[in-house]
$ cat work.txt   # compact mmCIF, C-alpha atoms
# COMPACT_ATOMS: atom_id res chain seq x y z
CA ASP Z 878 -14.64 -3.55 13.51
CA ALA Z 879 -17.99 -1.73 13.40
CA GLY Z 880 -17.83 -1.27 9.66
CA VAL Z 881 -18.88 1.86 7.83
CA ILE Z 882 -21.40 3.76 9.92
CA GLN Z 883 -23.97 6.02 8.36
CA SER Z 884 -26.51 8.25 10.05
CA PRO Z 885 -29.35 8.72 10.07
CA ARG Z 886 -30.79 5.47 8.66
CA HIS Z 887 -33.92 7.23 7.55
CA GLU Z 888 -34.61 10.89 6.90
CA VAL Z 889 -37.88 12.48 5.90
CA THR Z 890 -37.78 16.17 5.15
CA GLU Z 891 -39.79 18.80 3.42
CA MET Z 892 -38.80 20.27 0.10
CA GLY Z 893 -36.48 23.22 0.54
CA GLN Z 894 -34.96 22.03 3.79
CA GLU Z 895 -31.29 21.33 4.28
CA VAL Z 896 -30.31 17.70 4.72
CA THR Z 897 -27.00 16.42 6.09
CA LEU Z 898 -25.96 12.81 5.80
CA ARG Z 899 -23.07 11.51 7.84
CA CYS Z 900 -20.52 8.77 7.40
CA LYS Z 901 -17.79 7.28 9.54
CA PRO Z 902 -15.47 5.10 7.44
CA ILE Z 903 -13.57 2.07 8.66
CA SER Z 904 -10.55 3.10 10.67
CA GLY Z 905 -7.41 3.01 8.54
CA HIS Z 906 -9.22 3.20 5.21
CA ASN Z 907 -7.94 6.03 3.05
CA SER Z 908 -10.64 6.31 0.38
CA LEU Z 909 -14.26 7.26 0.85
CA PHE Z 910 -17.08 7.17 -1.67
CA TRP Z 911 -20.63 8.52 -1.72
CA TYR Z 912 -23.19 6.72 -3.89
CA ARG Z 913 -26.86 7.29 -4.57
CA GLN Z 914 -29.21 4.44 -5.45
CA THR Z 915 -32.59 4.80 -7.12
CA MET Z 916 -34.79 2.41 -9.02
CA MET Z 917 -34.52 4.49 -12.16
CA ARG Z 918 -30.80 5.22 -12.20
CA GLY Z 919 -29.29 2.41 -10.15
CA LEU Z 920 -26.05 3.10 -8.29
CA GLU Z 921 -24.46 6.43 -9.08
CA LEU Z 922 -21.09 7.57 -7.76
CA LEU Z 923 -21.46 11.11 -6.49
CA ILE Z 924 -17.98 11.91 -5.19
CA TYR Z 925 -14.93 10.22 -3.77
CA PHE Z 926 -12.05 11.22 -1.54
CA ASN Z 927 -8.51 9.93 -1.19
CA ASN Z 928 -6.74 10.85 2.05
CA ASN Z 929 -9.53 13.35 2.80
CA VAL Z 930 -9.08 15.17 -0.52
CA PRO Z 931 -11.92 15.20 -3.06
CA ILE Z 932 -10.67 13.48 -6.20
CA ASP Z 933 -13.69 13.26 -8.44
CA ASP Z 934 -16.97 15.08 -7.88
CA SER Z 935 -18.23 14.80 -11.42
CA GLY Z 936 -21.18 12.75 -10.23
CA MET Z 937 -22.55 15.43 -7.95
CA PRO Z 938 -25.84 16.33 -9.62
CA GLU Z 939 -25.77 20.07 -9.07
CA ASP Z 940 -24.67 22.86 -6.80
CA ARG Z 941 -27.27 21.93 -4.23
CA PHE Z 942 -25.07 18.97 -3.31
CA SER Z 943 -21.82 19.35 -1.39
CA ALA Z 944 -19.55 16.91 0.44
CA LYS Z 945 -16.78 17.36 2.94
CA MET Z 946 -14.26 15.17 4.66
CA PRO Z 947 -12.67 17.25 7.41
CA ASN Z 948 -10.68 14.30 8.76
CA ALA Z 949 -10.02 10.63 8.12
CA SER Z 950 -12.89 9.47 10.31
CA PHE Z 951 -15.81 11.60 9.16
CA SER Z 952 -17.57 12.78 6.03
CA THR Z 953 -20.79 14.61 5.29
CA LEU Z 954 -23.01 14.92 2.26
CA LYS Z 955 -25.24 17.97 2.32
CA ILE Z 956 -28.20 18.84 0.14
CA GLN Z 957 -29.44 22.42 0.29
CA PRO Z 958 -32.19 23.01 -0.66
CA SER Z 959 -33.60 19.52 -0.97
CA GLU Z 960 -36.08 18.55 -3.70
CA PRO Z 961 -38.40 15.55 -4.08
CA ARG Z 962 -36.21 14.16 -6.87
CA ASP Z 963 -33.39 13.81 -4.35
CA SER Z 964 -35.33 10.98 -2.68
CA ALA Z 965 -33.06 7.94 -2.79
CA VAL Z 966 -30.85 5.71 -0.69
CA TYR Z 967 -27.45 7.26 -0.14
CA PHE Z 968 -24.53 4.95 0.55
CA CYS Z 969 -21.13 5.69 1.90
CA ALA Z 970 -18.29 3.25 1.27
CA SER Z 971 -14.66 3.16 2.30
CA SER Z 972 -11.60 1.37 0.96
CA LEU Z 973 -7.93 0.80 1.65
CA ALA Z 974 -5.52 0.86 -1.26
CA ASP Z 975 -3.16 -2.03 -0.68
CA ARG Z 976 -1.93 -5.15 -2.46
CA GLY Z 977 -4.87 -7.22 -1.32
CA TRP Z 978 -7.49 -4.71 -2.30
CA ASN Z 979 -10.94 -5.93 -1.32
CA GLY Z 980 -12.94 -3.27 -3.09
CA TYR Z 981 -15.28 -1.22 -0.98
CA THR Z 982 -16.99 -1.74 2.34
CA PHE Z 983 -20.43 -0.20 2.26
CA GLY Z 984 -22.49 1.30 5.02
CA SER Z 985 -26.14 0.39 5.49
CA GLY Z 986 -27.28 3.55 3.76
CA THR Z 987 -29.51 6.50 4.52
CA ARG Z 988 -32.98 6.40 3.00
CA LEU Z 989 -33.91 9.98 2.19
CA THR Z 990 -37.46 10.98 1.43
CA VAL Z 991 -38.17 14.56 0.42
CA VAL Z 992 -41.86 15.47 0.47
CA ALA F 1402 -13.33 3.97 -19.74
CA GLN F 1403 -14.28 0.68 -18.19
CA SER F 1404 -17.86 -0.56 -17.94
CA VAL F 1405 -19.83 -3.66 -17.07
CA THR F 1406 -22.98 -5.10 -18.57
CA GLN F 1407 -25.21 -7.41 -16.61
CA LEU F 1408 -27.53 -9.39 -18.82
CA GLY F 1409 -30.94 -9.88 -17.29
CA SER F 1410 -32.30 -7.51 -14.69
CA HIS F 1411 -34.33 -10.36 -13.16
CA VAL F 1412 -33.45 -14.04 -12.90
CA SER F 1413 -35.69 -16.64 -11.33
CA VAL F 1414 -34.54 -20.13 -10.37
CA SER F 1415 -35.98 -22.97 -8.35
CA GLU F 1416 -34.44 -23.87 -5.04
CA GLY F 1417 -31.67 -26.37 -5.68
CA ALA F 1418 -31.15 -25.27 -9.28
CA LEU F 1419 -28.02 -23.78 -10.78
CA VAL F 1420 -27.61 -20.03 -10.45
CA LEU F 1421 -25.95 -18.21 -13.35
CA LEU F 1422 -25.72 -14.43 -13.35
CA ARG F 1423 -23.96 -12.88 -16.31
CA CYS F 1424 -21.46 -10.05 -16.35
CA ASN F 1425 -19.40 -8.77 -19.25
CA TYR F 1426 -16.84 -6.05 -18.85
CA SER F 1427 -14.97 -3.69 -21.08
CA SER F 1428 -11.59 -2.53 -19.99
CA SER F 1429 -8.46 -1.55 -21.83
CA VAL F 1430 -6.24 -3.07 -19.17
CA PRO F 1431 -6.50 -6.17 -16.96
CA PRO F 1432 -9.19 -5.15 -14.54
CA TYR F 1433 -10.18 -5.72 -10.97
CA LEU F 1434 -13.59 -7.40 -10.98
CA PHE F 1435 -16.02 -7.83 -8.14
CA TRP F 1436 -19.40 -9.26 -7.36
CA TYR F 1437 -21.44 -7.68 -4.61
CA VAL F 1438 -24.75 -8.78 -3.11
CA GLN F 1439 -27.42 -6.50 -1.69
CA TYR F 1440 -30.13 -7.87 0.56
CA PRO F 1441 -33.28 -5.79 1.11
CA ASN F 1442 -32.70 -2.60 3.07
CA GLN F 1443 -28.99 -3.26 3.39
CA GLY F 1444 -25.78 -2.03 1.85
CA LEU F 1445 -23.73 -3.96 -0.66
CA GLN F 1446 -21.56 -6.81 0.61
CA LEU F 1447 -18.54 -8.24 -1.17
CA LEU F 1448 -19.16 -11.74 -2.55
CA LEU F 1449 -15.88 -12.28 -4.34
CA LYS F 1450 -13.15 -10.51 -6.26
CA TYR F 1451 -10.81 -11.16 -9.17
CA THR F 1452 -7.40 -9.56 -9.06
CA SER F 1453 -5.43 -11.70 -11.58
CA ALA F 1454 -4.19 -14.33 -9.12
CA ALA F 1455 -6.53 -17.08 -10.38
CA THR F 1456 -9.19 -17.20 -13.05
CA LEU F 1457 -11.66 -19.19 -10.92
CA VAL F 1458 -12.56 -17.27 -7.84
CA LYS F 1459 -14.48 -18.69 -4.90
CA GLY F 1460 -16.52 -16.42 -2.70
CA ILE F 1461 -18.83 -16.59 0.24
CA ASN F 1462 -22.06 -18.58 0.46
CA GLY F 1463 -20.94 -21.09 -2.17
CA PHE F 1464 -20.69 -18.62 -5.04
CA GLU F 1465 -17.88 -18.61 -7.55
CA ALA F 1466 -16.99 -16.74 -10.71
CA GLU F 1467 -14.67 -17.43 -13.59
CA PHE F 1468 -12.67 -14.75 -15.35
CA LYS F 1469 -12.57 -15.38 -19.10
CA LYS F 1470 -10.45 -12.83 -20.85
CA SER F 1471 -11.30 -14.11 -24.34
CA GLU F 1472 -14.98 -13.55 -23.64
CA THR F 1473 -14.50 -10.49 -21.40
CA SER F 1474 -16.81 -12.18 -18.94
CA PHE F 1475 -16.98 -12.74 -15.22
CA HIS F 1476 -20.17 -14.73 -14.69
CA LEU F 1477 -21.32 -15.64 -11.20
CA THR F 1478 -22.48 -19.18 -10.47
CA LYS F 1479 -23.71 -21.32 -7.63
CA PRO F 1480 -24.46 -25.02 -8.11
CA SER F 1481 -27.56 -25.11 -5.93
CA ALA F 1482 -29.73 -22.12 -5.11
CA HIS F 1483 -31.08 -21.55 -1.64
CA MET F 1484 -33.98 -19.37 -0.65
CA SER F 1485 -31.59 -17.14 1.27
CA ASP F 1486 -29.79 -16.29 -1.99
CA ALA F 1487 -32.68 -14.09 -3.08
CA ALA F 1488 -31.15 -10.64 -3.39
CA GLU F 1489 -29.76 -8.19 -5.93
CA TYR F 1490 -26.33 -8.89 -7.35
CA PHE F 1491 -23.97 -6.31 -8.78
CA CYS F 1492 -20.90 -6.79 -10.92
CA ALA F 1493 -18.25 -4.06 -10.71
CA VAL F 1494 -14.98 -3.23 -12.45
CA SER F 1495 -12.00 -1.03 -11.71
CA ARG F 1496 -8.70 -0.47 -13.45
CA GLU F 1497 -6.71 0.43 -10.42
CA THR F 1498 -6.46 -0.42 -6.77
CA ALA F 1499 -8.82 1.70 -4.69
CA SER F 1500 -9.92 3.65 -7.72
CA LYS F 1501 -13.59 4.16 -8.38
CA LEU F 1502 -15.62 1.08 -9.10
CA THR F 1503 -18.02 1.10 -12.01
CA PHE F 1504 -21.11 -0.95 -11.16
CA GLY F 1505 -23.47 -2.78 -13.43
CA THR F 1506 -27.18 -2.20 -13.27
CA GLY F 1507 -27.74 -5.22 -11.06
CA THR F 1508 -29.59 -8.53 -11.38
CA ARG F 1509 -32.37 -9.38 -9.00
CA LEU F 1510 -32.32 -13.09 -8.18
CA GLN F 1511 -35.59 -14.73 -7.18
CA VAL F 1512 -35.54 -18.25 -5.74
CA THR F 1513 -38.77 -20.21 -5.82
CA LEU F 1514 -39.83 -23.41 -4.10
$ encode --input "work.txt" --output "structure tokens"
Amino acid sequence: DAGVIQSPRHEVTEMGQEVTLRCKPISGHNSLFWYRQTMMRGLELLIYFNNNVPIDDSGMPEDRFSAKMPNASFSTLKIQPSEPRDSAVYFCASSLADRGWNGYTFGSGTRLTVV
Amino acid sequence: AQSVTQLGSHVSVSEGALVLLRCNYSSSVPPYLFWYVQYPNQGLQLLLKYTSAATLVKGINGFEAEFKKSETSFHLTKPSAHMSDAAEYFCAVSRETASKLTFGTGTRLQVTL
């Protein structure tokens, strides 16, 4: 299994530009999570989906952030317009709810720098 | 709501010494507890998990953790540190299968010669 795949690995963009982060979860997993990691705030859950349906988006910082999961194998996190304070590492993770739950499998992250 | 507290944002040990990373949780129901490790420029990897089957849980790379309900703790230990153990370690808790995990603030482990 290739694991959770995120793209791009690094993104540098100018303030005001739209940024789209992509995630392919592990095949068969039915939950998907987007996290943001910064030195100041640590790991923050932004949003999560069960069976492609957004369940909790209370962590999304503001309306500039949006996430979609059009099917079981793909999700996007979009920031429009981007701001320097959005600079962080964004992680996607997926999970399968079963009796032997192993928590989440994380992707390698996308390091976003907004200048 | 459940939460975890990791005592000590930085821990330094000598190679070969005991590693002890502390995690205390608060949960109104028997929780799922996890330890994850994050190496530089990588995502988080599962080290071990507690799901009520046994109080002493063994994980990868020689790590283990003991669930102590009376102390609401789930400390991570390793008898002998190796240089390759240098990383950031996160404790996490959840009440339900595949529900959202609440992570601690992390402990950065430094291993010195």
$ residues_around --input "work.txt" --residues "Pro947 (chain Z)" --least-positions-apart "4" --cutoff "12 Å" --atoms "all atoms listed in the file" --output "ChimeraX atom specification"
/Z:899-901,926,928-931,951-954
$ write_last_selection --input "work.txt" --atoms "C-alpha atoms" --output "CSV table (one decimal), in the coordinates of the input"
chain,number,residue,atom,x,y,z
Z,899,ARG,CA,-23.1,11.5,7.8
Z,900,CYS,CA,-20.5,8.8,7.4
Z,901,LYS,CA,-17.8,7.3,9.5
Z,926,PHE,CA,-12.0,11.2,-1.5
Z,928,ASN,CA,-6.7,10.8,2.0
Z,929,ASN,CA,-9.5,13.4,2.8
Z,930,VAL,CA,-9.1,15.2,-0.5
Z,931,PRO,CA,-11.9,15.2,-3.1
Z,951,PHE,CA,-15.8,11.6,9.2
Z,952,SER,CA,-17.6,12.8,6.0
Z,953,THR,CA,-20.8,14.6,5.3
Z,954,LEU,CA,-23.0,14.9,2.3
$ interface_residues --input "work.txt" --of "chain F" --to "chain Z" --cutoff "8 Å" --atoms "all atoms listed in the file" --output "ChimeraX atom specification"
/F:1435,1442-1447,1450,1498-1499,1501-1502,1504,1506-1507
$ closest_residue --input "work.txt" --among "Z:Trp911, Z:Arg941, Z:Glu888, Z:Ser935" --to "Ser964 (chain Z)" --atoms "only C-alpha atoms"
Z:Glu888
$ closest_residue --input "work.txt" --among "F:Leu1434, F:Val1412, F:Leu1422, F:Met1484" --to "Phe1464 (chain F)" --atoms "all atoms listed in the file"
F:Leu1422
$ atom_distance --input "work.txt" --atom1 "CA of Ala1482 (chain F)" --atom2 "CA of Val1420 (chain F)"
6.1 Å
$ residues_around --input "work.txt" --residues "Asn1462 (chain F)" --least-positions-apart "4" --cutoff "10 Å" --atoms "all atoms listed in the file" --output "list in words"
Leu1448, Lys1479, His1483, Ser1485 and Asp1486 of chain F
$ atom_distance --input "work.txt" --atom1 "CA of Val1414 (chain F)" --atom2 "CA of Leu1510 (chain F)"
7.7 Å
$ atom_distance --input "work.txt" --atom1 "CA of Phe1491 (chain F)" --atom2 "CA of Gln1439 (chain F)"
7.9 Å
$ closest_residue --input "work.txt" --among "F:Gln1403, F:Thr1456, F:Thr1473, F:Thr1478" --to "Leu1419 (chain F)" --atoms "only C-alpha atoms"
F:Thr1478
$ residues_near_point --input "work.txt" --point "(-12.5, -14.2, -23.0)" --cutoff "12 Å" --atoms "all atoms listed in the file" --output "list in words"
Cys1424, Asn1425, Tyr1426, Ser1427, Pro1431, Thr1456, Glu1467, Phe1468, Lys1469, Lys1470, Ser1471, Glu1472, Thr1473, Ser1474, Phe1475 and His1476 of chain F
$ write_last_selection --input "work.txt" --atoms "C-alpha atoms" --output "PDB file, in the frame of the given file"
ATOM      1  CA  CYS F1424     -21.460 -10.050 -16.350  1.00  0.00           C
ATOM      2  CA  ASN F1425     -19.400  -8.770 -19.250  1.00  0.00           C
ATOM      3  CA  TYR F1426     -16.840  -6.050 -18.850  1.00  0.00           C
ATOM      4  CA  SER F1427     -14.970  -3.690 -21.080  1.00  0.00           C
ATOM      5  CA  PRO F1431      -6.500  -6.170 -16.960  1.00  0.00           C
ATOM      6  CA  THR F1456      -9.190 -17.200 -13.050  1.00  0.00           C
ATOM      7  CA  GLU F1467     -14.670 -17.430 -13.590  1.00  0.00           C
ATOM      8  CA  PHE F1468     -12.670 -14.750 -15.350  1.00  0.00           C
ATOM      9  CA  LYS F1469     -12.570 -15.380 -19.100  1.00  0.00           C
ATOM     10  CA  LYS F1470     -10.450 -12.830 -20.850  1.00  0.00           C
ATOM     11  CA  SER F1471     -11.300 -14.110 -24.340  1.00  0.00           C
ATOM     12  CA  GLU F1472     -14.980 -13.550 -23.640  1.00  0.00           C
ATOM     13  CA  THR F1473     -14.500 -10.490 -21.400  1.00  0.00           C
ATOM     14  CA  SER F1474     -16.810 -12.180 -18.940  1.00  0.00           C
ATOM     15  CA  PHE F1475     -16.980 -12.740 -15.220  1.00  0.00           C
ATOM     16  CA  HIS F1476     -20.170 -14.730 -14.690  1.00  0.00           C
TER      17      HIS F1476
END
$ residues_around --input "work.txt" --residues "Val992 (chain Z)" --least-positions-apart "5" --cutoff "8 Å" --atoms "all atoms listed in the file" --output "JSON, numbers by chain"
{"Z": [889, 890, 891, 892, 960, 961]}
$ write_last_selection --input "work.txt" --atoms "C-alpha atoms" --output "mmCIF file, in the coordinates of the input"
data_model
loop_
_atom_site.group_PDB
_atom_site.id
_atom_site.type_symbol
_atom_site.label_atom_id
_atom_site.label_comp_id
_atom_site.auth_asym_id
_atom_site.auth_seq_id
_atom_site.Cartn_x
_atom_site.Cartn_y
_atom_site.Cartn_z
ATOM 1 C CA VAL Z 889 -37.880 12.480 5.900
ATOM 2 C CA THR Z 890 -37.780 16.170 5.150
ATOM 3 C CA GLU Z 891 -39.790 18.800 3.420
ATOM 4 C CA MET Z 892 -38.800 20.270 0.100
ATOM 5 C CA GLU Z 960 -36.080 18.550 -3.700
ATOM 6 C CA PRO Z 961 -38.400 15.550 -4.080
#
$ closest_residue --input "work.txt" --among "F:Lys1459, F:Leu1421, F:Gln1511, F:Gly1505" --to "Ala1487 (chain F)" --atoms "only C-alpha atoms"
F:Gln1511
$ residues_around --input "work.txt" --residues "Glu939 (chain Z)" --least-positions-apart "6" --cutoff "12 Å" --atoms "only C-alpha atoms" --output "PyMOL selection string"
chain Z and resi 923-924+955-960+963
$ write_last_selection --input "work.txt" --atoms "C-alpha atoms" --output "compact mmCIF listing (two decimals), keeping the file's coordinate frame"
# COMPACT_ATOMS: atom_id res chain seq x y z
CA LEU Z 923 -21.46 11.11 -6.49
CA ILE Z 924 -17.98 11.91 -5.19
CA LYS Z 955 -25.24 17.97 2.32
CA ILE Z 956 -28.20 18.84 0.14
CA GLN Z 957 -29.44 22.42 0.29
CA PRO Z 958 -32.19 23.01 -0.66
CA SER Z 959 -33.60 19.52 -0.97
CA GLU Z 960 -36.08 18.55 -3.70
CA ASP Z 963 -33.39 13.81 -4.35
$ decode --input "work.txt" --residues "region 972-984 of chain Z" --atoms "all heavy atoms" --output "short mmCIF file (atom, residue, chain, number, x, y, z; two decimals), in the first residue's frame"
data_model
loop_
_atom_site.label_atom_id
_atom_site.label_comp_id
_atom_site.auth_asym_id
_atom_site.auth_seq_id
_atom_site.Cartn_x
_atom_site.Cartn_y
_atom_site.Cartn_z
N SER Z 972 -8.34 6.85 8.03
CA SER Z 972 -8.59 5.86 9.09
C SER Z 972 -9.72 4.94 8.66
O SER Z 972 -10.58 5.33 7.87
CB SER Z 972 -8.96 6.60 10.38
OG SER Z 972 -9.26 5.70 11.42
N LEU Z 973 -9.70 3.73 9.20
CA LEU Z 973 -10.78 2.79 8.97
C LEU Z 973 -11.38 2.42 10.30
O LEU Z 973 -10.67 1.95 11.20
CB LEU Z 973 -10.27 1.53 8.26
CG LEU Z 973 -11.28 0.40 8.10
CD1 LEU Z 973 -12.45 0.84 7.22
CD2 LEU Z 973 -10.61 -0.85 7.52
N ALA Z 974 -12.68 2.63 10.43
CA ALA Z 974 -13.37 2.31 11.68
C ALA Z 974 -13.69 0.83 11.71
O ALA Z 974 -14.62 0.37 11.08
CB ALA Z 974 -14.65 3.13 11.78
N ASP Z 975 -12.88 0.07 12.44
CA ASP Z 975 -13.19 -1.34 12.62
C ASP Z 975 -12.76 -1.77 14.01
O ASP Z 975 -12.26 -0.95 14.80
CB ASP Z 975 -12.54 -2.19 11.53
CG ASP Z 975 -11.01 -2.13 11.56
OD1 ASP Z 975 -10.44 -1.55 12.51
OD2 ASP Z 975 -10.39 -2.63 10.62
N ARG Z 976 -12.91 -3.04 14.34
CA ARG Z 976 -12.66 -3.49 15.70
C ARG Z 976 -11.19 -3.33 16.09
O ARG Z 976 -10.87 -3.14 17.24
CB ARG Z 976 -13.08 -4.96 15.84
CG ARG Z 976 -14.59 -5.16 15.76
CD ARG Z 976 -14.92 -6.64 15.75
NE ARG Z 976 -14.47 -7.31 16.95
CZ ARG Z 976 -15.17 -7.38 18.07
NH1 ARG Z 976 -16.34 -6.78 18.14
NH2 ARG Z 976 -14.70 -8.04 19.11
N GLY Z 977 -10.32 -3.43 15.14
CA GLY Z 977 -8.90 -3.29 15.45
C GLY Z 977 -8.36 -1.94 15.09
O GLY Z 977 -7.27 -1.81 14.54
N TRP Z 978 -9.11 -0.91 15.45
CA TRP Z 978 -8.76 0.44 15.01
C TRP Z 978 -7.33 0.77 15.34
O TRP Z 978 -6.89 0.66 16.47
CB TRP Z 978 -9.71 1.45 15.66
CG TRP Z 978 -9.53 2.84 15.15
CD1 TRP Z 978 -9.32 3.22 13.85
CD2 TRP Z 978 -9.54 4.03 15.91
NE1 TRP Z 978 -9.22 4.58 13.77
CE2 TRP Z 978 -9.36 5.11 15.01
CE3 TRP Z 978 -9.70 4.31 17.26
CZ2 TRP Z 978 -9.32 6.43 15.43
CZ3 TRP Z 978 -9.67 5.64 17.67
CH2 TRP Z 978 -9.47 6.68 16.76
N ASN Z 979 -6.59 1.22 14.33
CA ASN Z 979 -5.19 1.59 14.48
C ASN Z 979 -4.96 3.08 14.41
O ASN Z 979 -3.88 3.53 14.03
CB ASN Z 979 -4.34 0.89 13.42
CG ASN Z 979 -4.07 -0.56 13.77
OD1 ASN Z 979 -3.83 -0.88 14.93
ND2 ASN Z 979 -4.13 -1.42 12.78
N GLY Z 980 -5.97 3.85 14.76
CA GLY Z 980 -5.80 5.29 14.72
C GLY Z 980 -5.71 5.77 13.30
O GLY Z 980 -6.38 5.25 12.40
N TYR Z 981 -4.89 6.79 13.08
CA TYR Z 981 -4.78 7.38 11.77
C TYR Z 981 -3.48 6.96 11.08
O TYR Z 981 -2.48 6.69 11.73
CB TYR Z 981 -4.71 8.91 11.86
CG TYR Z 981 -5.84 9.62 12.54
CD1 TYR Z 981 -5.72 10.98 12.82
CD2 TYR Z 981 -7.02 9.00 12.89
CE1 TYR Z 981 -6.74 11.69 13.45
CE2 TYR Z 981 -8.04 9.70 13.53
CZ TYR Z 981 -7.89 11.04 13.80
OH TYR Z 981 -8.89 11.74 14.41
N THR Z 982 -3.52 7.00 9.75
CA THR Z 982 -2.31 6.94 8.94
C THR Z 982 -2.13 8.31 8.31
O THR Z 982 -3.02 8.79 7.62
CB THR Z 982 -2.41 5.87 7.85
OG1 THR Z 982 -2.63 4.59 8.46
CG2 THR Z 982 -1.11 5.80 7.06
N PHE Z 983 -0.99 8.91 8.59
CA PHE Z 983 -0.73 10.26 8.10
C PHE Z 983 0.04 10.25 6.79
O PHE Z 983 0.87 9.38 6.55
CB PHE Z 983 0.10 11.04 9.13
CG PHE Z 983 -0.69 11.56 10.29
CD1 PHE Z 983 -1.01 10.74 11.35
CD2 PHE Z 983 -1.10 12.88 10.32
CE1 PHE Z 983 -1.75 11.23 12.43
CE2 PHE Z 983 -1.83 13.37 11.39
CZ PHE Z 983 -2.15 12.54 12.45
N GLY Z 984 -0.23 11.27 5.99
CA GLY Z 984 0.61 11.55 4.84
C GLY Z 984 1.87 12.29 5.27
O GLY Z 984 2.04 12.60 6.46
#
